[in-house]
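The structure file start.txt is reproduced below (compact mmCIF, C-alpha atoms and all ligand atoms).
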```txt
# COMPACT_ATOMS: atom_id res chain seq x y z
CA MET E 26 8.94 -12.57 -5.51
CA ASN E 27 6.08 -14.17 -3.60
CA ILE E 28 4.08 -11.31 -2.13
CA LEU E 29 1.05 -11.15 0.14
CA ALA E 30 -0.78 -7.87 -0.48
CA TYR E 31 -2.98 -6.71 2.42
CA CYS E 32 -5.78 -4.17 2.43
CA VAL E 33 -6.21 -4.24 -1.35
CA ARG E 34 -9.14 -2.16 -2.55
CA PRO E 35 -11.13 -3.05 -5.67
CA ASP E 36 -9.72 -0.02 -7.47
CA GLU E 37 -6.19 -1.39 -7.02
CA MET E 38 -6.90 -4.85 -8.48
CA GLU E 39 -6.26 -3.94 -12.11
CA SER E 40 -2.92 -2.31 -11.29
CA PHE E 41 -1.85 -5.31 -9.18
CA LYS E 42 -2.65 -7.61 -12.08
CA LYS E 43 -0.82 -5.45 -14.62
CA PHE E 44 2.33 -4.62 -12.65
CA SER E 45 2.83 -8.00 -10.91
CA SER E 46 2.89 -9.59 -14.34
CA LEU E 47 5.25 -6.94 -15.77
CA LEU E 48 7.64 -7.19 -12.79
CA GLY E 49 7.54 -10.98 -12.47
CA HIS E 50 5.89 -11.16 -9.01
CA GLN E 51 3.37 -13.71 -7.74
CA VAL E 52 0.92 -11.67 -5.68
CA THR E 53 -1.81 -13.02 -3.42
CA ILE E 54 -4.46 -10.50 -2.50
CA VAL E 55 -6.25 -10.14 0.84
CA HIS E 56 -8.69 -7.34 1.43
CA GLU E 57 -8.33 -7.09 5.20
CA SER E 58 -6.07 -4.51 6.80
CA PHE E 59 -2.67 -5.72 8.08
CA SER E 60 -2.31 -5.95 11.88
CA PRO E 61 -0.67 -8.20 14.50
CA HIS E 62 -3.81 -10.38 14.37
CA ASN E 63 -3.41 -11.48 10.75
CA ALA E 64 0.36 -11.21 10.30
CA ALA E 65 0.60 -15.02 10.42
CA LEU E 66 -1.17 -15.16 7.02
CA ALA E 67 2.18 -14.11 5.53
CA LYS E 68 3.82 -17.47 6.25
CA GLY E 69 5.58 -18.69 3.11
CA TYR E 70 5.79 -15.26 1.43
CA ASP E 71 8.99 -13.25 0.84
CA GLY E 72 7.37 -9.86 1.12
CA ILE E 73 4.17 -8.12 2.14
CA SER E 74 2.47 -5.07 0.71
CA ILE E 75 0.45 -2.83 3.03
CA LEU E 76 -1.27 0.56 3.12
CA GLY E 77 -0.94 3.63 5.36
CA ASN E 78 -3.94 2.65 7.49
CA CYS E 79 -2.47 -0.77 8.38
CA ASN E 80 -1.02 -1.34 11.82
CA ALA E 81 2.61 -2.37 11.38
CA ASN E 82 3.55 -1.94 15.04
CA ALA E 83 6.38 -3.79 16.82
CA GLU E 84 4.16 -6.79 17.54
CA ALA E 85 3.05 -7.09 13.91
CA ILE E 86 6.63 -6.78 12.68
CA GLU E 87 7.78 -9.51 15.07
CA GLU E 88 4.94 -11.75 13.86
CA ILE E 89 5.83 -11.35 10.16
CA ALA E 90 9.52 -11.86 10.93
CA LYS E 91 8.57 -15.22 12.47
CA THR E 92 6.79 -16.19 9.23
CA GLY E 93 10.01 -15.64 7.25
CA VAL E 94 8.97 -12.42 5.49
CA ARG E 95 11.99 -10.25 4.62
CA TYR E 96 10.41 -7.24 2.92
CA LEU E 97 7.58 -4.86 3.79
CA ALA E 98 6.49 -2.42 1.08
CA THR E 99 3.87 0.17 1.90
CA ARG E 100 1.94 1.56 -1.05
CA SER E 101 1.67 4.90 0.78
CA ALA E 102 4.08 7.78 1.28
CA GLY E 103 3.45 7.98 5.03
CA ILE E 104 5.32 5.51 7.24
CA ASN E 105 4.26 6.65 10.71
CA ASN E 106 2.21 3.42 11.03
CA ILE E 107 5.37 1.28 10.65
CA ASP E 108 7.72 0.58 13.57
CA LEU E 109 11.04 1.02 11.77
CA ASP E 110 13.07 0.17 14.87
CA ALA E 111 11.31 -3.18 15.09
CA ALA E 112 11.87 -3.73 11.36
CA ALA E 113 15.61 -3.07 11.83
CA LYS E 114 15.70 -5.40 14.84
CA TRP E 115 14.07 -8.22 12.85
CA ASN E 116 16.04 -7.47 9.67
CA ILE E 117 12.99 -6.63 7.58
CA LYS E 118 13.62 -4.15 4.79
CA VAL E 119 10.93 -1.48 4.48
CA SER E 120 10.08 0.73 1.50
CA ASN E 121 7.47 3.37 0.76
CA VAL E 122 6.20 5.28 -2.28
CA PRO E 123 7.21 8.89 -1.67
CA ALA E 124 6.89 10.01 -5.26
CA TYR E 125 3.44 9.21 -6.55
CA SER E 126 1.51 11.96 -8.24
CA PRO E 127 1.78 14.98 -5.88
CA ASN E 128 -0.97 16.68 -7.86
CA ALA E 129 -3.62 14.49 -6.23
CA VAL E 130 -3.09 15.92 -2.73
CA ALA E 131 -2.09 19.38 -3.96
CA GLU E 132 -5.30 19.76 -5.97
CA PHE E 133 -7.24 18.48 -2.97
CA ALA E 134 -5.76 21.23 -0.78
CA VAL E 135 -6.99 23.80 -3.32
CA THR E 136 -10.41 22.12 -3.41
CA SER E 137 -10.63 22.21 0.39
CA ALA E 138 -9.63 25.87 0.61
CA LEU E 139 -12.20 26.90 -2.00
CA CYS E 140 -14.94 24.89 -0.28
CA LEU E 141 -14.25 26.70 3.00
CA ALA E 142 -13.92 30.09 1.31
CA ARG E 143 -17.38 29.72 -0.24
CA ASN E 144 -19.18 27.84 2.58
CA ILE E 145 -19.90 24.96 0.22
CA LYS E 146 -20.85 22.50 3.00
CA GLN E 147 -23.56 24.81 4.37
CA ALA E 148 -24.82 25.69 0.86
CA ILE E 149 -25.20 22.04 -0.14
CA HIS E 150 -26.99 21.16 3.12
CA ARG E 151 -29.40 24.06 2.62
CA VAL E 152 -30.25 23.19 -0.96
CA GLU E 153 -30.88 19.57 0.06
CA GLU E 154 -33.53 20.98 2.42
CA GLN E 155 -35.04 23.17 -0.34
CA ASN E 156 -33.59 26.27 1.35
CA PHE E 157 -32.16 28.52 -1.36
CA SER E 158 -31.53 31.60 0.80
CA LEU E 159 -28.16 33.38 0.88
CA ALA E 160 -27.97 34.62 4.47
CA GLY E 161 -24.71 33.54 6.07
CA LEU E 162 -23.25 32.10 2.87
CA ILE E 163 -21.12 35.09 1.91
CA GLY E 164 -17.61 33.98 1.04
CA PHE E 165 -14.24 35.55 0.33
CA GLU E 166 -11.85 35.71 -2.62
CA LEU E 167 -8.39 34.21 -2.32
CA ARG E 168 -6.67 37.13 -4.10
CA LYS E 169 -7.21 39.29 -1.02
CA LYS E 170 -5.62 36.74 1.29
CA THR E 171 -2.25 35.51 2.47
CA ILE E 172 -1.72 31.76 2.19
CA GLY E 173 0.94 30.15 4.39
CA PHE E 174 2.42 26.77 3.45
CA ILE E 175 4.05 24.69 6.16
CA GLY E 176 6.19 22.15 4.31
CA THR E 177 7.28 22.97 0.78
CA GLY E 178 8.40 19.56 -0.49
CA ARG E 179 6.87 17.71 -3.43
CA ILE E 180 3.23 18.18 -2.47
CA GLY E 181 3.79 21.61 -0.91
CA VAL E 182 5.44 22.99 -4.06
CA THR E 183 2.78 21.46 -6.30
CA ALA E 184 0.09 23.03 -4.08
CA ILE E 185 1.90 26.39 -4.17
CA LYS E 186 1.89 26.28 -7.99
CA ALA E 187 -1.78 25.29 -8.04
CA PHE E 188 -2.69 28.15 -5.67
CA SER E 189 -0.54 30.65 -7.57
CA GLY E 190 -3.26 31.39 -10.13
CA PHE E 191 -5.54 32.99 -7.54
CA GLY E 192 -3.33 36.03 -6.96
CA ALA E 193 -3.02 35.60 -3.20
CA LYS E 194 0.13 36.60 -1.33
CA MET E 195 1.96 33.35 -0.57
CA ILE E 196 4.47 32.64 2.20
CA GLY E 197 6.02 29.43 3.45
CA TYR E 198 7.99 27.76 6.18
CA ASP E 199 10.16 24.67 5.82
CA LEU E 200 13.14 23.29 7.71
CA TYR E 201 14.86 23.08 4.30
CA PRO E 202 13.69 25.89 1.96
CA ASN E 203 13.94 25.01 -1.74
CA GLU E 204 14.65 27.07 -4.84
CA GLU E 205 11.55 25.98 -6.77
CA ALA E 206 9.23 27.21 -4.02
CA LYS E 207 11.13 30.51 -3.81
CA LYS E 208 9.89 31.36 -7.33
CA TYR E 209 6.38 31.70 -5.85
CA ILE E 210 6.64 32.31 -2.10
CA ASP E 211 8.65 34.23 0.47
CA TYR E 212 10.05 32.04 3.22
CA VAL E 213 9.31 33.33 6.72
CA THR E 214 9.73 31.97 10.23
CA LEU E 215 7.00 29.76 11.64
CA ASP E 216 5.81 32.51 13.99
CA GLU E 217 5.73 35.02 11.11
CA LEU E 218 3.65 32.57 9.10
CA PHE E 219 1.21 32.11 11.98
CA ALA E 220 0.95 35.90 12.38
CA GLN E 221 0.43 36.73 8.69
CA ALA E 222 -1.52 33.89 7.06
CA ASP E 223 -5.27 33.93 6.54
CA ILE E 224 -5.10 30.36 5.23
CA ILE E 225 -2.56 27.85 6.56
CA SER E 226 -2.01 24.73 4.47
CA LEU E 227 -0.06 21.87 6.06
CA HIS E 228 2.26 19.84 3.81
CA CYS E 229 4.94 18.56 6.20
CA PRO E 230 5.37 15.02 7.50
CA LEU E 231 4.47 14.17 11.09
CA THR E 232 7.58 14.04 13.27
CA GLU E 233 8.21 13.98 17.02
CA GLU E 234 9.01 17.71 16.86
CA ASN E 235 5.82 18.86 15.14
CA HIS E 236 3.26 16.67 16.96
CA HIS E 237 0.28 19.00 17.70
CA LEU E 238 1.93 21.85 15.79
CA ILE E 239 -1.53 23.42 15.56
CA SER E 240 -1.83 23.78 19.34
CA LYS E 241 -3.70 26.26 21.52
CA GLU E 242 -0.46 28.24 21.96
CA ASN E 243 0.18 28.45 18.20
CA ILE E 244 -3.48 29.15 17.37
CA ASN E 245 -3.22 32.19 19.65
CA LYS E 246 -0.40 33.48 17.42
CA MET E 247 -2.67 33.34 14.35
CA LYS E 248 -4.89 36.01 12.82
CA ASP E 249 -8.48 36.04 14.02
CA GLY E 250 -10.58 33.99 11.61
CA ALA E 251 -7.62 32.09 10.09
CA ILE E 252 -8.49 28.83 8.39
CA ILE E 253 -6.48 25.62 8.48
CA ILE E 254 -6.18 23.13 5.63
CA ASN E 255 -4.73 19.81 6.75
CA THR E 256 -4.06 17.32 3.98
CA ALA E 257 -0.94 16.08 5.78
CA ARG E 258 -1.33 14.17 9.06
CA GLY E 259 -3.98 14.28 11.79
CA ALA E 260 -1.58 14.46 14.72
CA LEU E 261 -0.21 17.76 13.41
CA MET E 262 -3.35 19.23 15.02
CA ASP E 263 -4.57 19.25 18.61
CA ALA E 264 -8.21 18.67 17.63
CA PRO E 265 -9.82 19.76 20.96
CA ALA E 266 -7.80 23.03 20.86
CA ILE E 267 -9.02 23.61 17.30
CA ILE E 268 -12.64 22.93 18.27
CA GLU E 269 -12.38 25.47 21.10
CA ALA E 270 -10.89 28.07 18.72
CA LEU E 271 -13.56 27.39 16.07
CA LYS E 272 -16.30 27.84 18.65
CA ASN E 273 -14.94 31.09 20.07
CA GLY E 274 -14.25 32.52 16.59
CA LYS E 275 -10.45 32.61 16.85
CA LEU E 276 -10.33 30.21 13.90
CA GLY E 277 -12.62 30.71 10.91
CA GLY E 278 -12.64 27.16 9.57
CA LEU E 279 -10.89 23.85 9.20
CA ALA E 280 -10.69 21.42 6.31
CA THR E 281 -9.00 18.23 7.36
CA ASP E 282 -8.44 15.11 5.33
CA THR E 283 -6.75 13.41 8.28
CA TYR E 284 -7.43 12.82 11.95
CA GLU E 285 -5.04 11.76 14.71
CA PHE E 286 -7.12 8.70 15.64
CA GLU E 287 -8.36 7.83 12.14
CA VAL E 288 -7.00 4.26 12.05
CA GLY E 289 -9.96 1.88 12.21
CA ILE E 290 -12.37 4.68 11.27
CA PHE E 291 -11.27 6.26 7.99
CA HIS E 292 -11.53 4.01 4.94
CA HIS E 293 -14.21 1.90 6.71
CA ASP E 294 -18.02 2.07 6.53
CA HIS E 295 -19.32 2.89 10.02
CA SER E 296 -22.78 3.98 8.90
CA LYS E 297 -24.38 1.02 10.73
CA ASP E 298 -22.30 0.88 13.93
CA ARG E 299 -21.56 4.64 14.35
CA ILE E 300 -18.19 5.88 15.58
CA ASN E 301 -17.38 6.30 19.24
CA ASP E 302 -15.16 9.37 19.10
CA PRO E 303 -16.82 12.53 20.47
CA VAL E 304 -14.00 14.81 19.26
CA LEU E 305 -14.21 13.60 15.67
CA GLN E 306 -18.03 13.71 15.86
CA GLU E 307 -17.91 17.31 17.04
CA LEU E 308 -15.58 18.26 14.21
CA ILE E 309 -17.92 16.62 11.70
CA ASN E 310 -20.91 18.49 13.14
CA LEU E 311 -19.37 21.98 13.11
CA PRO E 312 -20.65 24.00 10.12
CA ASN E 313 -17.27 25.54 9.26
CA VAL E 314 -15.39 22.22 9.33
CA LEU E 315 -14.91 19.84 6.44
CA VAL E 316 -13.79 16.37 7.43
CA THR E 317 -12.87 14.10 4.53
CA PRO E 318 -11.79 10.45 4.85
CA HIS E 319 -8.07 10.72 4.03
CA TYR E 320 -8.62 10.54 0.30
CA GLY E 321 -6.52 13.44 -0.99
CA PHE E 322 -4.29 10.84 -2.67
CA TYR E 323 -7.23 9.04 -4.22
CA THR E 324 -7.06 9.60 -7.97
CA ASP E 325 -6.72 7.10 -10.82
CA GLU E 326 -3.23 8.36 -11.53
CA ALA E 327 -1.92 8.22 -7.95
CA VAL E 328 -3.43 4.80 -7.13
CA ALA E 329 -1.80 3.19 -10.19
CA ASN E 330 1.53 4.84 -9.22
CA MET E 331 1.28 3.53 -5.65
CA VAL E 332 0.82 -0.09 -6.73
CA GLU E 333 3.43 0.08 -9.50
CA PHE E 334 6.14 1.81 -7.44
CA SER E 335 5.64 -0.42 -4.35
CA LEU E 336 5.98 -3.56 -6.49
CA THR E 337 9.03 -2.03 -8.18
CA ASN E 338 10.58 -1.44 -4.73
CA LEU E 339 10.17 -5.16 -3.95
CA ARG E 340 11.65 -6.11 -7.33
CA ASP E 341 14.68 -3.85 -6.62
CA PHE E 342 15.25 -5.38 -3.18
CA GLU E 343 15.06 -8.86 -4.70
CA THR E 344 17.28 -8.29 -7.72
CA THR E 345 19.90 -5.83 -6.42
CA GLY E 346 19.44 -5.83 -2.63
CA VAL E 347 19.11 -2.05 -2.88
CA CYS E 348 16.03 0.12 -3.20
CA ASN E 349 16.01 3.91 -3.55
CA ASN E 350 12.85 4.14 -1.47
CA GLU E 351 14.14 2.12 1.47
CA CYS E 352 12.97 3.55 4.82
CA LYS E 353 15.35 3.15 7.73
CA ALA E 354 15.03 3.86 11.43
CA LEU E 355 16.81 7.12 12.27
CA GLN E 356 19.71 5.44 14.09
CA GLN E 357 20.37 3.30 10.99
CA VAL E 358 20.74 6.24 8.60
N1 LIG E 401 -3.98 13.36 2.37
C1 LIG E 401 -3.33 12.42 1.72
O1 LIG E 401 -3.95 11.57 1.07
C2 LIG E 401 -1.82 12.41 1.71
C3 LIG E 401 -1.15 11.68 0.74
C4 LIG E 401 0.25 11.73 0.68
C5 LIG E 401 0.97 12.47 1.59
N2 LIG E 401 0.29 13.16 2.54
C6 LIG E 401 1.04 13.98 3.53
O2 LIG E 401 1.73 15.01 2.85
C7 LIG E 401 3.03 15.15 3.46
C8 LIG E 401 3.99 15.82 2.50
O3 LIG E 401 4.28 14.93 1.43
P1 LIG E 401 5.44 15.27 0.38
O4 LIG E 401 5.40 14.20 -0.64
O5 LIG E 401 5.34 16.68 -0.05
O6 LIG E 401 6.74 15.09 1.30
P2 LIG E 401 8.17 15.72 1.04
O7 LIG E 401 9.10 14.92 1.87
O8 LIG E 401 8.46 15.90 -0.41
O9 LIG E 401 8.05 17.20 1.67
C9 LIG E 401 7.89 17.42 3.04
C10 LIG E 401 8.52 18.76 3.36
O10 LIG E 401 8.23 19.04 4.72
C11 LIG E 401 9.42 19.61 5.29
N3 LIG E 401 9.37 19.45 6.73
C12 LIG E 401 9.70 18.37 7.47
N4 LIG E 401 9.47 18.62 8.77
C13 LIG E 401 9.01 19.89 8.83
C14 LIG E 401 8.62 20.74 9.90
N5 LIG E 401 8.66 20.32 11.18
N6 LIG E 401 8.19 21.97 9.60
C15 LIG E 401 8.15 22.41 8.32
N7 LIG E 401 8.52 21.66 7.28
C16 LIG E 401 8.95 20.43 7.54
C17 LIG E 401 10.56 18.89 4.61
O11 LIG E 401 11.76 19.62 4.70
C18 LIG E 401 10.04 18.77 3.18
O12 LIG E 401 10.42 19.88 2.40
C19 LIG E 401 3.39 13.70 3.84
O13 LIG E 401 4.36 13.65 4.84
C20 LIG E 401 2.07 13.16 4.31
O14 LIG E 401 1.93 13.46 5.70
C21 LIG E 401 -1.07 13.15 2.62
```
Can you present the structure in this file as structure tokens?
Amino acid sequence: MNILAYCVRPDEMESFKKFSSLLGHQVTIVHESFSPHNAALAKGYDGISILGNCNANAEAIEEIAKTGVRYLATRSAGINNIDLDAAAKWNIKVSNVPAYSPNAVAEFAVTSALCLARNIKQAIHRVEEQNFSLAGLIGFELRKKTIGFIGTGRIGVTAIKAFSGFGAKMIGYDLYPNEEAKKYIDYVTLDELFAQADIISLHCPLTEENHHLISKENINKMKDGAIIINTARGALMDAPAIIEALKNGKLGGLATDTYEFEVGIFHHDHSKDRINDPVLQELINLPNVLVTPHYGFYTDEAVANMVEFSLTNLRDFETTGVCNNECKALQQV
């Protein structure tokens, strides 16, 4: 298949070379992010490959449909940046990569929790300023805590297993509880989880129902000093409500790898032009908040998987017309 791959990072080049050759694709690489403004570049290609920070809105989908593109394969798991209704309308088949190494994000959730538990951000800043004092750096041990997992799918279960060695009490909430998770956690209701957890780790997808799940109302149901780990999606949190709760002490900390309005900011170097987002800036400045640039997935293993599996999806569409990772608009399912 003739494929135009957008938003390709240098660390993906080797995998594109290897797997396009193995799967018989001709791939042209562009480094810019996909959006309505450069969709016309796809003229003459059968399929495009994009990433989770590309803007595949209705306008962009219409533009690529006009170029003759029939397939859109995102190299990410998340598809909330793709207008699936528009894709259905224009008869463009969409696929994602739901099953790349879950360990990447799961291990990152553990990393984030430990960094908050031990005030790592403050300690590093101090040492950089030749301040080696301990005051205010006292941490806590996970074994004394209750960890609540919202979403116990592939990443959630892998995170649960990774956390299991610390001896904490572990509880979880999922719309569809699974047997593997039950070996490690007790399922509770969402309100019970909010009431009992000292650490809440988010591992569910963003849906219309759970937009701003971490809201002022739900924060008020939590334990005083609870900490939130968000390696899932930014819009699961109402960031201003979280800032208010962090400032008045209701929440003890936040580690977030995602932000609701991250598109155009995360994965770009803004050190020269500075960002114009006071809410994100305030989060970054708070001492008990870790903001990371949506890179939980970013390991050698996961990146190679993402390129390989997305190109395999396109090969499957081309050769059989069917792909196990096809993403359809809800009314199509
Ligand atoms: N930080 C990163 O780099 C990164 C990378 C990949 C994925 N993610 C995020 O992690 C999420 C989880 O990925 P996964 O591979 O485990 O997905 P998955 O589909 O295997 O699991 C998601 C689980 O969430 C549950 N769920 C759905 N809606 C829910 C709700 N409203 N409340 C509670 N549970 C709900 C599902 O039943 C499922 O068990 C993704 O949706 C994505 O947002 C982040």
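Nearest to ligand LIG 401 (chain E) of all the residues E:Val130, E:Met247, E:Ala184, E:Ala354 is E:Val130, based on only C-alpha atoms and all ligand atoms.
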Around all of stretch 273-284 of chain E's listed atoms, make the axis-aligned box with 4 Å on each side and tell me centre and edge lengths in Å to one decimal, as lines of an AutoDock Vina configuration file.
```
center_x = -10.8
center_y = 22.7
center_z = 12.7
size_x = 16.2
size_y = 27.8
size_z = 22.7
```
From the set E:Asn78, E:Thr214, E:Thr183, E:Thr256, which residue has the shortest atom-to-atom contact distance to ligand LIG 401 (chain E), counting all atoms listed in the file?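 Closest residue, counting all atoms listed in the file: E:Thr256.
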Could you give me, as a count of residues only, every polymer residue with an atom at most 7 Å away from an atom of ligand LIG 401 (chain E), counting all atoms listed in the file? 36
Residue with smallest distance to E:Ala327 - pool E:Ser45, E:Ser126, E:Asn116, E:Gln51, counting all atoms listed in the file: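 Of E:Ser45, E:Ser126, E:Asn116, E:Gln51, the one nearest E:Ala327 is E:Ser126, counting all atoms listed in the file.
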